[in-house]
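So this block is data17.pdb, PDB, C-alpha atoms:
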MODEL        1
ATOM      1  CA  MET A1302      82.954 -60.328  -8.698
ATOM      2  CA  LYS A1303      84.325 -57.723 -11.079
ATOM      3  CA  TRP A1304      85.059 -54.147  -9.961
ATOM      4  CA  PRO A1305      82.219 -52.502 -11.908
ATOM      5  CA  ALA A1306      79.752 -54.860 -10.256
ATOM      6  CA  VAL A1307      81.215 -54.048  -6.826
ATOM      7  CA  ALA A1308      80.873 -50.333  -7.547
ATOM      8  CA  VAL A1309      77.236 -50.760  -8.566
ATOM      9  CA  VAL A1310      76.489 -52.738  -5.413
ATOM     10  CA  ALA A1311      78.200 -50.063  -3.291
ATOM     11  CA  VAL A1312      76.194 -47.264  -4.910
ATOM     12  CA  ILE A1313      72.927 -49.169  -4.446
ATOM     13  CA  ALA A1314      73.767 -49.871  -0.799
ATOM     14  CA  ALA A1315      74.616 -46.213  -0.161
ATOM     15  CA  PHE A1316      71.372 -45.080  -1.791
ATOM     16  CA  ALA A1317      69.346 -47.597   0.219
ATOM     17  CA  ALA A1318      70.978 -46.441   3.468
ATOM     18  CA  SER A1319      70.187 -42.820   2.619
ATOM     19  CA  ALA A1320      66.575 -43.652   1.769
ATOM     20  CA  SER A1321      66.208 -45.624   5.007
ATOM     21  CA  ALA A1322      67.508 -42.683   7.040
ATOM     22  CA  GLN A1323      64.937 -40.393   5.417
ATOM     23  CA  GLU A1324      62.168 -42.902   6.019
ATOM     24  CA  ARG A1325      63.163 -43.153   9.674
ATOM     25  CA  GLU A1326      63.145 -39.407  10.311
ATOM     26  CA  SER A1327      60.631 -39.029  13.052
ATOM     27  CA  GLY A1328      57.739 -36.634  13.172
ATOM     28  CA  ALA A1329      59.452 -34.917  16.098
ATOM     29  CA  ALA A1330      62.577 -34.353  14.005
ATOM     30  CA  ILE A1331      60.554 -33.027  11.073
ATOM     31  CA  PHE A1332      58.563 -30.778  13.435
ATOM     32  CA  ALA A1333      61.841 -29.454  14.857
ATOM     33  CA  ARG A1334      63.249 -28.837  11.395
ATOM     34  CA  ARG A1335      60.144 -27.424   9.713
ATOM     35  CA  CYS A1336      57.978 -25.880  12.457
ATOM     36  CA  SER A1337      60.113 -24.875  15.440
ATOM     37  CA  GLY A1338      60.997 -21.467  14.026
ATOM     38  CA  CYS A1339      57.487 -20.364  14.988
ATOM     39  CA  HIS A1340      56.058 -23.112  17.235
ATOM     40  CA  THR A1341      56.843 -25.226  20.281
ATOM     41  CA  LEU A1342      54.634 -27.673  22.090
ATOM     42  CA  ASP A1343      54.533 -25.850  25.412
ATOM     43  CA  ARG A1344      54.793 -22.090  24.834
ATOM     44  CA  ASP A1345      53.615 -19.466  22.415
ATOM     45  CA  MET A1346      56.101 -17.952  19.994
ATOM     46  CA  GLU A1347      55.363 -16.374  16.609
ATOM     47  CA  GLY A1348      52.668 -19.054  16.443
ATOM     48  CA  PRO A1349      50.669 -20.654  19.258
ATOM     49  CA  ARG A1350      51.792 -23.619  21.331
ATOM     50  CA  LEU A1351      50.890 -26.875  19.593
ATOM     51  CA  GLY A1352      50.948 -29.374  22.443
ATOM     52  CA  GLY A1353      47.493 -30.933  22.654
ATOM     53  CA  VAL A1354      46.384 -29.317  19.392
ATOM     54  CA  VAL A1355      44.497 -32.381  18.135
ATOM     55  CA  GLY A1356      40.917 -32.092  19.349
ATOM     56  CA  ARG A1357      41.245 -28.389  20.163
ATOM     57  CA  ALA A1358      39.134 -25.725  18.480
ATOM     58  CA  ALA A1359      41.177 -23.406  16.264
ATOM     59  CA  GLY A1360      41.997 -20.003  17.684
ATOM     60  CA  THR A1361      41.404 -20.905  21.332
ATOM     61  CA  VAL A1362      44.781 -20.820  23.123
ATOM     62  CA  ALA A1363      43.981 -18.014  25.549
ATOM     63  CA  THR A1364      47.547 -16.700  25.701
ATOM     64  CA  PHE A1365      47.929 -16.258  21.933
ATOM     65  CA  GLU A1366      46.586 -13.419  19.784
ATOM     66  CA  TYR A1367      45.071 -15.024  16.673
ATOM     67  CA  SER A1368      43.919 -13.380  13.473
ATOM     68  CA  ALA A1369      40.206 -12.652  13.240
ATOM     69  CA  ALA A1370      40.045 -15.189  10.406
ATOM     70  CA  LEU A1371      41.357 -18.052  12.540
ATOM     71  CA  LYS A1372      39.301 -17.060  15.596
ATOM     72  CA  GLY A1373      36.168 -17.243  13.471
ATOM     73  CA  ALA A1374      37.113 -20.368  11.532
ATOM     74  CA  ARG A1375      35.036 -22.853  13.563
ATOM     75  CA  ILE A1376      37.523 -25.632  12.934
ATOM     76  CA  THR A1377      38.447 -28.392  15.326
ATOM     77  CA  TRP A1378      41.975 -29.621  14.733
ATOM     78  CA  THR A1379      41.936 -33.231  13.614
ATOM     79  CA  ARG A1380      44.469 -35.185  11.598
ATOM     80  CA  LYS A1381      42.521 -34.250   8.471
ATOM     81  CA  THR A1382      42.218 -30.522   9.206
ATOM     82  CA  LEU A1383      45.869 -30.304  10.277
ATOM     83  CA  ASP A1384      46.892 -31.924   6.994
ATOM     84  CA  GLN A1385      44.712 -29.457   5.084
ATOM     85  CA  TRP A1386      46.181 -26.568   7.100
ATOM     86  CA  LEU A1387      49.761 -27.609   6.469
ATOM     87  CA  THR A1388      48.985 -28.153   2.778
ATOM     88  CA  ASP A1389      47.517 -24.678   2.241
ATOM     89  CA  PRO A1390      46.545 -22.547   5.267
ATOM     90  CA  GLU A1391      45.007 -19.804   3.108
ATOM     91  CA  LYS A1392      42.733 -22.286   1.337
ATOM     92  CA  LEU A1393      41.464 -23.711   4.633
ATOM     93  CA  VAL A1394      41.144 -20.330   6.379
ATOM     94  CA  PRO A1395      41.122 -17.380   3.987
ATOM     95  CA  ARG A1396      42.929 -14.284   5.329
ATOM     96  CA  THR A1397      44.907 -16.297   7.875
ATOM     97  CA  GLU A1398      48.284 -14.912   8.892
ATOM     98  CA  MET A1399      50.143 -18.208   8.541
ATOM     99  CA  ASN A1400      51.700 -18.443   5.101
ATOM    100  CA  PHE A1401      53.938 -21.499   5.569
ATOM    101  CA  ARG A1402      53.199 -24.726   3.702
ATOM    102  CA  VAL A1403      54.575 -28.241   3.980
ATOM    103  CA  LEU A1404      54.566 -29.486   0.401
ATOM    104  CA  SER A1405      55.636 -33.058   1.140
ATOM    105  CA  ALA A1406      52.648 -35.271   1.953
ATOM    106  CA  GLU A1407      54.969 -37.619   3.852
ATOM    107  CA  GLU A1408      56.349 -34.807   6.018
ATOM    108  CA  ARG A1409      52.810 -33.569   6.732
ATOM    109  CA  ARG A1410      51.749 -37.076   7.688
ATOM    110  CA  ARG A1411      54.647 -37.445  10.106
ATOM    111  CA  ILE A1412      54.169 -33.987  11.646
ATOM    112  CA  VAL A1413      50.448 -34.633  12.166
ATOM    113  CA  GLU A1414      51.188 -38.084  13.559
ATOM    114  CA  TYR A1415      53.665 -36.532  16.013
ATOM    115  CA  LEU A1416      51.202 -33.811  17.076
ATOM    116  CA  SER A1417      48.586 -36.535  17.625
ATOM    117  CA  THR A1418      50.685 -38.444  20.155
ATOM    118  CA  PRO A1419      49.978 -38.064  23.887
ATOM    119  CA  THR A1420      53.595 -37.001  24.528
ATOM    120  CA  ALA A1421      53.170 -34.080  22.115
ATOM    121  CA  GLY A1422      50.320 -32.864  24.298
ATOM    122  CA  LYS A1423      52.473 -32.534  27.404
TER
ENDMDL
END
Same coordinates, now as structure tokens:
Amino acid sequence: MKWPAVAVVAVIAAFAASASAQERESGAAIFARRCSGCHTLDRDMEGPRLGGVVGRAAGTVATFEYSAALKGARITWTRKTLDQWLTDPEKLVPRTEMNFRVLSAEERRRIVEYLSTPTAGK
């Protein structure tokens, strides 16, 4: 094999390894990286606790002070509504106080998947 061919193979292998690492990043890791500045699973911070969020009505964690908009939203958090929320909170609930978006559909999918797991509810 000639050196240029070896270099090409090495670059392709490095790229594939990098892509695989990104694909393997778990929902928990993405949640930690993207959401943990304001949220945890088990206690309120700038945002409400998110453990057990799937199936819960929006604006109902008793220990958190929600905006009037979210309290009156009449939304139950499902995979679909969480994806919509992370895509554009203001579109789903006008006048909400959350202004953070997750632009990557793949990151949203993994975050929602993580929040949907039984271990995320504990």
Which residue out of A:Arg1344, A:Arg1375, A:Arg1402, A:Arg1334 has the minimum interatomic distance to Arg1357 in chain A when only C-alpha atoms are used?
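Comparing A:Arg1344, A:Arg1375, A:Arg1402, A:Arg1334 against Arg1357 in chain A, the winner is A:Arg1375.
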Rounded to one decimal place, report the CA of Thr1418 in chain A-CA of Ala1374 in chain A distance in Å.
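Answer for the CA of Thr1418 in chain A to CA of Ala1374 in chain A separation: 24.2 Å.
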Computed interatomic separation between CA of Gly1373 in chain A and CA of Val1394 in chain A (Å):
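These two atoms are separated by 9.2 Å.
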Once the PyMOL selection byres ((chain A and resi 1382) around 12) has been applied to the shown file, what residues remain in the selection, as a PyMOL selection string?
chain A and resi 1354-1359+1374-1381+1383-1390+1392-1394+1409-1410+1413
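CA of Phe1332 in chain A sits 13.0 Å away from CA of Phe1401 in chain A.
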Exercise: range 1335-1339 of chain A partners within 6 Å, all atoms listed in the file, chain neighbours under 6 positions left out, as number ranges by chain:
A: 1346-1348
List as a PyMOL selection string the protein and nucleic acid residues near Thr1420 in chain A, meaning an atom at most 12 Å away when all atoms listed in the file are counted, but skip any in the same chain fewer than 2 places from it.
chain A and resi 1329+1342-1343+1351-1354+1414-1418+1422-1423
Determine, counting only C-alpha atoms, which protein, DNA and RNA residues have an atom within 9 Å of an atom of Glu1398 in chain A; residues of the same chain fewer than 3 positions away are not included. Present the result as a ChimeraX atom specification.
/A:1367-1368,1370-1371,1390-1391
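The smallest atom-to-atom distance between Lys1372 in chain A and any of A:Ala1421, A:Ala1333, A:Arg1396, A:Thr1341, using only C-alpha atoms, is found for A:Arg1396.
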